[in-house]
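What follows is the content of query-v1.cif (mmCIF, C-alpha atoms).
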```
data_model
loop_
_atom_site.group_PDB
_atom_site.id
_atom_site.type_symbol
_atom_site.label_atom_id
_atom_site.label_comp_id
_atom_site.auth_asym_id
_atom_site.auth_seq_id
_atom_site.Cartn_x
_atom_site.Cartn_y
_atom_site.Cartn_z
ATOM 1 C CA MET A 928 19.505 17.245 0.068
ATOM 2 C CA LEU A 929 17.131 14.671 1.475
ATOM 3 C CA ASP A 930 18.307 11.138 2.222
ATOM 4 C CA VAL A 931 15.637 8.749 0.958
ATOM 5 C CA SER A 932 15.598 4.953 0.892
ATOM 6 C CA VAL A 933 13.196 3.590 -1.731
ATOM 7 C CA VAL A 934 11.995 -0.017 -1.377
ATOM 8 C CA ILE A 935 10.355 -1.700 -4.373
ATOM 9 C CA VAL A 936 8.989 -5.250 -4.158
ATOM 10 C CA ASN A 937 8.631 -6.787 -7.599
ATOM 11 C CA TYR A 938 6.798 -9.818 -8.930
ATOM 12 C CA ASN A 939 6.799 -10.499 -12.685
ATOM 13 C CA VAL A 940 6.267 -6.931 -13.933
ATOM 14 C CA ALA A 941 9.656 -6.296 -15.554
ATOM 15 C CA PRO A 942 8.571 -3.580 -18.053
ATOM 16 C CA LEU A 943 6.755 -1.592 -15.342
ATOM 17 C CA LEU A 944 9.638 -2.061 -12.903
ATOM 18 C CA VAL A 945 12.055 -0.556 -15.434
ATOM 19 C CA GLU A 946 9.766 2.437 -15.984
ATOM 20 C CA CYS A 947 9.373 2.881 -12.228
ATOM 21 C CA LEU A 948 13.122 2.786 -11.614
ATOM 22 C CA ARG A 949 13.758 5.275 -14.398
ATOM 23 C CA SER A 950 11.349 7.701 -12.745
ATOM 24 C CA VAL A 951 12.947 7.166 -9.319
ATOM 25 C CA TYR A 952 16.485 7.751 -10.577
ATOM 26 C CA ALA A 953 15.305 10.892 -12.373
ATOM 27 C CA SER A 954 14.394 12.373 -8.974
ATOM 28 C CA THR A 955 15.940 15.716 -8.112
ATOM 29 C CA GLN A 956 17.141 17.218 -4.803
ATOM 30 C CA VAL A 957 17.445 13.830 -3.100
ATOM 31 C CA ALA A 958 20.264 11.488 -2.204
ATOM 32 C CA LEU A 959 18.880 8.054 -2.991
ATOM 33 C CA GLU A 960 19.451 4.458 -2.115
ATOM 34 C CA VAL A 961 17.126 2.066 -3.912
ATOM 35 C CA PHE A 962 16.320 -1.509 -2.927
ATOM 36 C CA VAL A 963 14.625 -3.872 -5.374
ATOM 37 C CA VAL A 964 13.347 -7.021 -3.716
ATOM 38 C CA ASP A 965 12.402 -9.593 -6.323
ATOM 39 C CA ASN A 966 9.810 -12.039 -5.020
ATOM 40 C CA CYS A 967 10.688 -15.117 -7.123
ATOM 41 C CA SER A 968 9.770 -13.612 -10.503
ATOM 42 C CA THR A 969 9.814 -15.938 -13.508
ATOM 43 C CA ASP A 970 10.245 -13.149 -16.067
ATOM 44 C CA ASP A 971 13.468 -11.222 -16.765
ATOM 45 C CA SER A 972 13.043 -8.707 -13.941
ATOM 46 C CA VAL A 973 16.295 -9.621 -12.195
ATOM 47 C CA GLN A 974 18.337 -9.516 -15.391
ATOM 48 C CA ARG A 975 16.931 -6.104 -16.319
ATOM 49 C CA VAL A 976 17.745 -4.618 -12.929
ATOM 50 C CA ARG A 977 21.284 -5.983 -13.027
ATOM 51 C CA SER A 978 21.974 -4.707 -16.531
ATOM 52 C CA GLN A 979 20.116 -1.384 -16.517
ATOM 53 C CA PHE A 980 20.302 -0.322 -12.857
ATOM 54 C CA PRO A 981 23.505 -1.730 -11.365
ATOM 55 C CA GLN A 982 23.429 0.996 -8.692
ATOM 56 C CA ALA A 983 20.267 -0.528 -7.175
ATOM 57 C CA HIS A 984 20.553 -2.916 -4.222
ATOM 58 C CA LEU A 985 18.993 -6.107 -5.589
ATOM 59 C CA ILE A 986 17.644 -8.698 -3.160
ATOM 60 C CA GLU A 987 16.332 -12.005 -4.498
ATOM 61 C CA THR A 988 14.072 -13.955 -2.161
ATOM 62 C CA ALA A 989 14.485 -17.718 -1.943
ATOM 63 C CA GLU A 990 10.708 -18.135 -1.734
ATOM 64 C CA ASN A 991 7.688 -15.874 -2.068
ATOM 65 C CA ARG A 992 6.679 -15.265 1.535
ATOM 66 C CA GLY A 993 4.586 -12.219 0.775
ATOM 67 C CA TYR A 994 4.755 -8.466 0.357
ATOM 68 C CA ALA A 995 5.367 -7.561 3.996
ATOM 69 C CA TYR A 996 8.189 -10.080 4.374
ATOM 70 C CA ALA A 997 9.891 -8.888 1.187
ATOM 71 C CA ASN A 998 9.681 -5.234 2.195
ATOM 72 C CA ASN A 999 11.093 -5.999 5.626
ATOM 73 C CA LEU A 1000 14.219 -7.523 4.100
ATOM 74 C CA ALA A 1001 15.069 -4.093 2.674
ATOM 75 C CA LEU A 1002 13.653 -2.006 5.533
ATOM 76 C CA LYS A 1003 16.162 -3.636 7.874
ATOM 77 C CA LEU A 1004 18.958 -2.267 5.666
ATOM 78 C CA ALA A 1005 17.508 1.171 4.887
ATOM 79 C CA ARG A 1006 19.569 4.119 6.117
ATOM 80 C CA GLY A 1007 17.741 7.116 4.666
ATOM 81 C CA GLU A 1008 16.172 9.825 6.798
ATOM 82 C CA PHE A 1009 12.920 8.808 5.095
ATOM 83 C CA VAL A 1010 11.859 5.455 3.679
ATOM 84 C CA VAL A 1011 9.440 4.963 0.791
ATOM 85 C CA LEU A 1012 7.459 1.839 0.060
ATOM 86 C CA LEU A 1013 6.889 2.012 -3.689
ATOM 87 C CA ASN A 1014 5.057 -0.372 -5.991
ATOM 88 C CA PRO A 1015 6.763 -1.248 -9.277
ATOM 89 C CA ASP A 1016 3.593 -0.269 -11.160
ATOM 90 C CA THR A 1017 4.042 3.413 -10.279
ATOM 91 C CA THR A 1018 5.958 6.335 -11.727
ATOM 92 C CA VAL A 1019 6.963 9.327 -9.616
ATOM 93 C CA PRO A 1020 7.465 12.915 -10.805
ATOM 94 C CA PRO A 1021 11.055 14.255 -10.679
ATOM 95 C CA ASP A 1022 10.398 16.468 -7.659
ATOM 96 C CA GLY A 1023 7.942 14.093 -5.943
ATOM 97 C CA LEU A 1024 10.268 12.501 -3.406
ATOM 98 C CA ALA A 1025 11.833 15.861 -2.539
ATOM 99 C CA GLN A 1026 8.455 17.533 -2.056
ATOM 100 C CA ILE A 1027 7.039 14.818 0.194
ATOM 101 C CA GLY A 1028 10.269 14.658 2.204
ATOM 102 C CA ALA A 1029 10.394 18.449 2.613
ATOM 103 C CA PHE A 1030 6.815 18.342 3.901
ATOM 104 C CA MET A 1031 7.781 15.770 6.513
ATOM 105 C CA ARG A 1032 10.802 17.793 7.580
ATOM 106 C CA HIS A 1033 8.545 20.834 8.025
ATOM 107 C CA TYR A 1034 6.082 18.853 10.164
ATOM 108 C CA PRO A 1035 8.135 16.679 12.547
ATOM 109 C CA GLN A 1036 5.012 15.202 14.156
ATOM 110 C CA VAL A 1037 4.067 13.531 10.855
ATOM 111 C CA GLY A 1038 5.224 9.934 10.628
ATOM 112 C CA VAL A 1039 3.600 8.822 7.370
ATOM 113 C CA VAL A 1040 2.697 10.665 4.154
ATOM 114 C CA GLY A 1041 1.126 9.505 0.905
ATOM 115 C CA PRO A 1042 0.611 11.397 -2.380
ATOM 116 C CA LYS A 1043 -2.373 11.603 -4.693
ATOM 117 C CA LEU A 1044 -2.412 8.391 -6.734
ATOM 118 C CA VAL A 1045 -4.040 8.465 -10.159
ATOM 119 C CA ARG A 1046 -4.862 5.593 -12.468
ATOM 120 C CA GLN A 1047 -3.658 5.319 -16.046
ATOM 121 C CA ASP A 1048 -6.828 7.078 -17.264
ATOM 122 C CA GLY A 1049 -6.258 9.979 -14.872
ATOM 123 C CA SER A 1050 -8.956 8.978 -12.387
ATOM 124 C CA LEU A 1051 -8.264 8.981 -8.670
ATOM 125 C CA ASP A 1052 -7.054 5.737 -7.120
ATOM 126 C CA LEU A 1053 -9.472 5.694 -4.184
ATOM 127 C CA ALA A 1054 -7.083 3.653 -2.034
ATOM 128 C CA CYS A 1055 -4.677 6.586 -1.658
ATOM 129 C CA ARG A 1056 -6.551 7.882 1.419
ATOM 130 C CA ARG A 1057 -8.602 5.701 3.729
ATOM 131 C CA SER A 1058 -10.246 5.287 7.070
ATOM 132 C CA PHE A 1059 -9.537 2.171 9.073
ATOM 133 C CA PRO A 1060 -11.911 -0.723 8.301
ATOM 134 C CA THR A 1061 -13.704 -0.698 11.628
ATOM 135 C CA PRO A 1062 -16.705 -3.050 11.901
ATOM 136 C CA GLU A 1063 -19.032 -0.130 11.068
ATOM 137 C CA VAL A 1064 -17.012 1.102 8.089
ATOM 138 C CA SER A 1065 -16.522 -2.434 6.768
ATOM 139 C CA PHE A 1066 -20.233 -3.174 7.107
ATOM 140 C CA TYR A 1067 -21.167 -0.155 4.951
ATOM 141 C CA ARG A 1068 -18.542 -1.150 2.397
ATOM 142 C CA MET A 1069 -19.610 -4.783 2.143
ATOM 143 C CA LEU A 1070 -23.252 -3.748 1.718
ATOM 144 C CA GLY A 1071 -22.224 -1.489 -1.171
ATOM 145 C CA LEU A 1072 -23.453 1.660 0.557
ATOM 146 C CA SER A 1073 -20.095 3.348 0.026
ATOM 147 C CA LYS A 1074 -20.590 3.077 -3.740
ATOM 148 C CA LEU A 1075 -24.258 4.063 -3.644
ATOM 149 C CA PHE A 1076 -23.655 7.133 -1.467
ATOM 150 C CA PRO A 1077 -20.019 8.214 -2.029
ATOM 151 C CA ARG A 1078 -20.684 11.807 -0.881
ATOM 152 C CA SER A 1079 -22.101 10.666 2.451
ATOM 153 C CA ARG A 1080 -19.873 11.267 5.473
ATOM 154 C CA ARG A 1081 -21.317 8.133 7.056
ATOM 155 C CA PHE A 1082 -21.253 5.703 4.135
ATOM 156 C CA GLY A 1083 -18.223 7.116 2.290
ATOM 157 C CA GLN A 1084 -15.817 6.848 5.209
ATOM 158 C CA TYR A 1085 -13.561 4.077 3.931
ATOM 159 C CA ASN A 1086 -12.186 5.899 0.877
ATOM 160 C CA LEU A 1087 -13.143 9.370 2.166
ATOM 161 C CA THR A 1088 -15.047 9.965 -1.072
ATOM 162 C CA TYR A 1089 -16.876 12.912 0.462
ATOM 163 C CA LEU A 1090 -13.622 14.909 0.576
ATOM 164 C CA ASP A 1091 -12.078 16.970 -2.214
ATOM 165 C CA PRO A 1092 -9.276 14.788 -3.705
ATOM 166 C CA ASP A 1093 -7.075 17.901 -3.893
ATOM 167 C CA GLU A 1094 -7.471 18.663 -0.185
ATOM 168 C CA LEU A 1095 -4.482 18.167 2.128
ATOM 169 C CA CYS A 1096 -5.761 16.294 5.150
ATOM 170 C CA GLU A 1097 -4.895 14.012 8.021
ATOM 171 C CA VAL A 1098 -6.219 10.493 7.438
ATOM 172 C CA ASP A 1099 -6.143 7.077 9.037
ATOM 173 C CA SER A 1100 -4.040 5.507 6.290
ATOM 174 C CA VAL A 1101 -2.473 6.106 2.915
ATOM 175 C CA CYS A 1102 -1.645 3.422 0.355
ATOM 176 C CA GLY A 1103 1.405 1.161 0.383
ATOM 177 C CA ALA A 1104 1.819 1.780 -3.357
ATOM 178 C CA PHE A 1105 3.600 4.969 -2.216
ATOM 179 C CA MET A 1106 4.038 5.411 1.502
ATOM 180 C CA MET A 1107 6.832 7.609 2.890
ATOM 181 C CA VAL A 1108 7.675 7.045 6.546
ATOM 182 C CA ARG A 1109 10.106 8.676 8.934
ATOM 183 C CA ARG A 1110 12.821 6.082 9.588
ATOM 184 C CA ASP A 1111 13.339 7.158 13.204
ATOM 185 C CA ALA A 1112 9.630 6.627 13.797
ATOM 186 C CA MET A 1113 9.690 3.280 11.982
ATOM 187 C CA GLU A 1114 12.428 2.045 14.299
ATOM 188 C CA LYS A 1115 10.101 2.702 17.255
ATOM 189 C CA VAL A 1116 6.908 1.407 15.616
ATOM 190 C CA GLY A 1117 8.485 -1.714 14.142
ATOM 191 C CA LEU A 1118 8.466 -3.315 10.712
ATOM 192 C CA LEU A 1119 5.504 -4.528 8.668
ATOM 193 C CA ASP A 1120 3.488 -7.383 10.155
ATOM 194 C CA GLU A 1121 4.449 -10.474 8.150
ATOM 195 C CA SER A 1122 1.247 -12.329 9.037
ATOM 196 C CA PHE A 1123 -0.243 -10.312 6.145
ATOM 197 C CA PHE A 1124 0.809 -12.018 2.907
ATOM 198 C CA MET A 1125 -0.520 -9.215 0.711
ATOM 199 C CA TYR A 1126 -3.122 -6.510 1.381
ATOM 200 C CA GLY A 1127 -3.770 -4.952 4.780
ATOM 201 C CA GLU A 1128 -0.167 -4.558 5.916
ATOM 202 C CA ASP A 1129 -0.167 -0.831 5.052
ATOM 203 C CA LEU A 1130 -3.391 -0.240 7.026
ATOM 204 C CA ASP A 1131 -1.967 -2.137 9.988
ATOM 205 C CA TRP A 1132 1.300 -0.163 9.823
ATOM 206 C CA ALA A 1133 -0.509 3.182 9.667
ATOM 207 C CA LEU A 1134 -2.634 2.226 12.674
ATOM 208 C CA ARG A 1135 0.457 1.307 14.652
ATOM 209 C CA PHE A 1136 2.079 4.652 13.770
ATOM 210 C CA LYS A 1137 -1.022 6.489 14.988
ATOM 211 C CA GLN A 1138 -1.185 4.424 18.161
ATOM 212 C CA MET A 1139 2.296 5.709 18.979
ATOM 213 C CA GLY A 1140 1.229 9.320 18.445
ATOM 214 C CA TRP A 1141 2.409 9.920 14.862
ATOM 215 C CA ARG A 1142 0.218 11.680 12.321
ATOM 216 C CA VAL A 1143 -0.649 10.194 8.917
ATOM 217 C CA VAL A 1144 -1.220 12.713 6.107
ATOM 218 C CA TYR A 1145 -2.544 12.635 2.539
ATOM 219 C CA ASN A 1146 -0.669 15.220 0.450
ATOM 220 C CA PRO A 1147 -2.191 15.750 -3.033
ATOM 221 C CA GLY A 1148 0.495 18.294 -3.901
ATOM 222 C CA VAL A 1149 2.427 15.361 -5.357
ATOM 223 C CA VAL A 1150 0.730 13.216 -8.005
ATOM 224 C CA VAL A 1151 1.972 9.676 -8.688
ATOM 225 C CA LYS A 1152 0.721 7.465 -11.514
ATOM 226 C CA HIS A 1153 -0.400 4.017 -10.397
ATOM 227 C CA TYR A 1154 -1.125 1.293 -12.945
ATOM 228 C CA LYS A 1155 -2.604 -0.760 -10.081
ATOM 229 C CA GLY A 1156 -2.839 -4.475 -9.610
ATOM 230 C CA GLU A 1157 -0.432 -5.561 -12.344
ATOM 231 C CA SER A 1158 1.254 -8.121 -10.104
ATOM 232 C CA SER A 1159 -1.851 -9.345 -8.311
ATOM 233 C CA LYS A 1160 -3.975 -9.809 -11.407
ATOM 234 C CA GLN A 1161 -1.577 -12.496 -12.634
ATOM 235 C CA SER A 1162 -3.122 -14.946 -10.167
ATOM 236 C CA LYS A 1163 -6.519 -13.774 -8.988
ATOM 237 C CA ARG A 1164 -7.322 -17.271 -7.751
ATOM 238 C CA LYS A 1165 -4.724 -16.671 -5.004
ATOM 239 C CA THR A 1166 -5.024 -12.918 -4.493
ATOM 240 C CA VAL A 1167 -8.793 -12.736 -3.924
ATOM 241 C CA PRO A 1168 -8.662 -15.119 -0.932
ATOM 242 C CA GLU A 1169 -5.655 -13.191 0.400
ATOM 243 C CA PHE A 1170 -7.699 -9.964 0.362
ATOM 244 C CA TYR A 1171 -10.362 -11.476 2.613
ATOM 245 C CA ARG A 1172 -7.755 -13.239 4.728
ATOM 246 C CA ALA A 1173 -6.138 -9.829 5.326
ATOM 247 C CA MET A 1174 -9.521 -8.460 6.422
ATOM 248 C CA GLN A 1175 -9.834 -11.302 8.918
ATOM 249 C CA ILE A 1176 -6.317 -10.738 10.299
ATOM 250 C CA PHE A 1177 -6.844 -6.989 10.669
ATOM 251 C CA TYR A 1178 -10.219 -7.446 12.378
ATOM 252 C CA LYS A 1179 -8.932 -10.130 14.734
ATOM 253 C CA LYS A 1180 -5.841 -8.114 15.644
ATOM 254 C CA HIS A 1181 -7.470 -4.742 16.245
ATOM 255 C CA TYR A 1182 -11.231 -5.066 16.772
ATOM 256 C CA GLU A 1183 -12.362 -8.568 17.727
ATOM 257 C CA ARG A 1184 -11.894 -8.268 21.479
ATOM 258 C CA ASP A 1185 -14.013 -5.087 21.649
ATOM 259 C CA THR A 1186 -16.829 -6.360 19.409
ATOM 260 C CA VAL A 1187 -20.009 -7.777 20.954
ATOM 261 C CA ALA A 1188 -20.771 -11.395 20.063
ATOM 262 C CA PRO A 1189 -23.739 -10.859 17.677
ATOM 263 C CA LEU A 1190 -21.818 -8.274 15.652
ATOM 264 C CA HIS A 1191 -18.702 -10.426 15.729
ATOM 265 C CA TRP A 1192 -20.480 -13.389 14.137
ATOM 266 C CA LEU A 1193 -22.156 -11.103 11.609
ATOM 267 C CA ILE A 1194 -18.749 -9.740 10.532
ATOM 268 C CA VAL A 1195 -17.134 -13.187 10.340
ATOM 269 C CA SER A 1196 -20.082 -14.555 8.356
ATOM 270 C CA ALA A 1197 -20.067 -11.581 5.979
ATOM 271 C CA VAL A 1198 -16.346 -11.942 5.228
ATOM 272 C CA GLN A 1199 -16.658 -15.701 4.702
ATOM 273 C CA GLY A 1200 -19.691 -15.142 2.478
ATOM 274 C CA ARG A 1201 -17.887 -12.603 0.325
ATOM 275 C CA LEU A 1202 -14.911 -14.940 0.026
ATOM 276 C CA ALA A 1203 -17.127 -17.827 -1.084
ATOM 277 C CA LEU A 1204 -18.882 -15.580 -3.607
ATOM 278 C CA ALA A 1205 -15.577 -14.296 -5.000
ATOM 279 C CA ARG A 1206 -14.303 -17.857 -5.467
ATOM 280 C CA LEU A 1207 -17.555 -18.820 -7.199
ATOM 281 C CA GLN A 1208 -17.329 -15.823 -9.534
ATOM 282 C CA HIS A 1209 -13.714 -16.627 -10.365
ATOM 283 C CA GLU A 1210 -14.548 -20.253 -11.178
ATOM 284 C CA TRP A 1211 -17.523 -19.195 -13.305
ATOM 285 C CA LEU A 1212 -15.391 -16.743 -15.293
ATOM 286 C CA ARG A 1213 -12.606 -19.306 -15.695
ATOM 287 C CA ARG A 1214 -14.991 -21.908 -17.089
ATOM 288 C CA GLY A 1215 -16.617 -19.318 -19.324
ATOM 289 C CA GLN A 1216 -13.238 -18.426 -20.805
#
```

With the file now loaded, output its structure as structure tokens.
Amino acid sequence: MLDVSVVIVNYNVAPLLVECLRSVYASTQVALEVFVVDNCSTDDSVQRVRSQFPQAHLIETAENRGYAYANNLALKLARGEFVVLLNPDTTVPPDGLAQIGAFMRHYPQVGVVGPKLVRQDGSLDLACRRSFPTPEVSFYRMLGLSKLFPRSRRFGQYNLTYLDPDELCEVDSVCGAFMMVRRDAMEKVGLLDESFFMYGEDLDWALRFKQMGWRVVYNPGVVVKHYKGESSKQSKRKTVPEFYRAMQIFYKKHYERDTVAPLHWLIVSAVQGRLALARLQHEWLRRGQ
């Protein structure tokens, strides 16, 4: 039996949270502890967890201080051999947790594993395997070259679109929608960086694991359904700026000091330009509606 701690941060997606928890508690060959951290939901999420899943450890935050902060509340309490960050808009197969955990037990040098994530229509969620957003990789992405040339090893680096989605491979990062980590490794690496409100904290965590010598692996042998963005789409006016803010934090933390001045100002200007454009598009759509 594997000991797995599952951490789910929820915000106003009660029906999906219930479906997610049902799939988690249907897991086989694992001894589970499940934490649900509710980030100030205004729907009936808390009531549903209390009534339908009394065995879950429910944590209610006093204020919404972001995804990383909410996860850390539960990560500090987790006692499983492995810990899973899991979005409430996912469903896991019955043997999924056991399979991923068995893989990690077999490869003790692996610190982080993520499964193949598929959207509701069966298409691949491209975020499930990524390269770090270095200045070069980010530049190709912001120019749209990654979409124009997805099979290119140069331009398709961010989402590794040139690789077979059913290929087991070592990657820079997997997605925080389902990210299993070795708890012993986590205790050495540290918790999620709470300067990220939402977005980017999983990339930052994966980079810190790799910096300490742990491997990060994409394992498509387990397929997890991801409805994607159900919480964030409730307030795009706030979430779009947070996406670009996360890019700025990640760049400043990991790449700024090694970037020459002309490229630095190009990157900063590009991010600010995309943020301004996104805000303009949002306002235009809002007025149109």

TODO: Would you please work out which residue, of A:Gly993, A:Gly1028, A:Pro1077, A:Gly1023, is nearest to Ala953 in chain A when using only C-alpha atoms?
DONE: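 Using only C-alpha atoms, the shortest distance to Ala953 in chain A belongs to A:Gly1023.
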
TODO: Up to 12 Å from (7.6, 14.8, 11.2) in the file's coordinates: name the residues, counting all atoms listed in the file, as a list in words.
DONE: Glu1008, Phe1009, Ile1027, Gly1028, Ala1029, Phe1030, Met1031, Arg1032, His1033, Tyr1034, Pro1035, Gln1036, Val1037, Gly1038, Val1039, Val1040, Met1107, Val1108, Arg1109, Arg1110, Asp1111, Ala1112, Met1113, Phe1136, Gly1140, Trp1141, Arg1142, Val1143 and Val1144 of chain A

TODO: In Å, rounded to a single decimal, give me how far CA of Pro1147 in chain A is from CA of Pro1092 in chain A.
DONE: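 Distance reported for this atom pair: 7.2 Å.
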
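Under the PyMOL selection byres ((chain A and resi 972) around 8), the matching residues in the shown file are Asn937, Asn939, Val940, Ala941, Pro942, Leu944, Asp965, Ser968, Thr969, Asp970, Asp971, Val973, Gln974, Arg975 and Val976 of chain A.
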
Per residue of range 972-1036 of chain A within 8 Å of range 1121-1125 of chain A, note the shortest atom pair and the distance in Å to one decimal, counting all atoms listed in the file, and order the rows by chain and increasing residue number, as JSON lines.
```
{"residue": "A:Arg992", "atom": "CA", "partner": "A:Phe1124", "partner_atom": "CA", "distance": 6.8}
{"residue": "A:Gly993", "atom": "CA", "partner": "A:Phe1124", "partner_atom": "CA", "distance": 4.3}
{"residue": "A:Tyr994", "atom": "CA", "partner": "A:Met1125", "partner_atom": "CA", "distance": 5.3}
{"residue": "A:Ala995", "atom": "CA", "partner": "A:Glu1121", "partner_atom": "CA", "distance": 5.2}
{"residue": "A:Tyr996", "atom": "CA", "partner": "A:Glu1121", "partner_atom": "CA", "distance": 5.3}
```

TODO: Tell me which of A:Val934, A:Trp1211, A:Pro1042, A:Leu1053 sits closest to Gln1026 in chain A, counting all atoms listed in the file.
DONE: A:Pro1042

- [ ] Please evaluate the PyMOL selection byres ((chain A and resi 999) around 10) against the displayed coordinates and give the resulting residues as a PyMOL selection string.
- [x] chain A and resi 934+964+994-998+1000-1005+1117-1121

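The spacing separating CA of Val936 in chain A from CA of Phe962 in chain A amounts to 8.3 Å.
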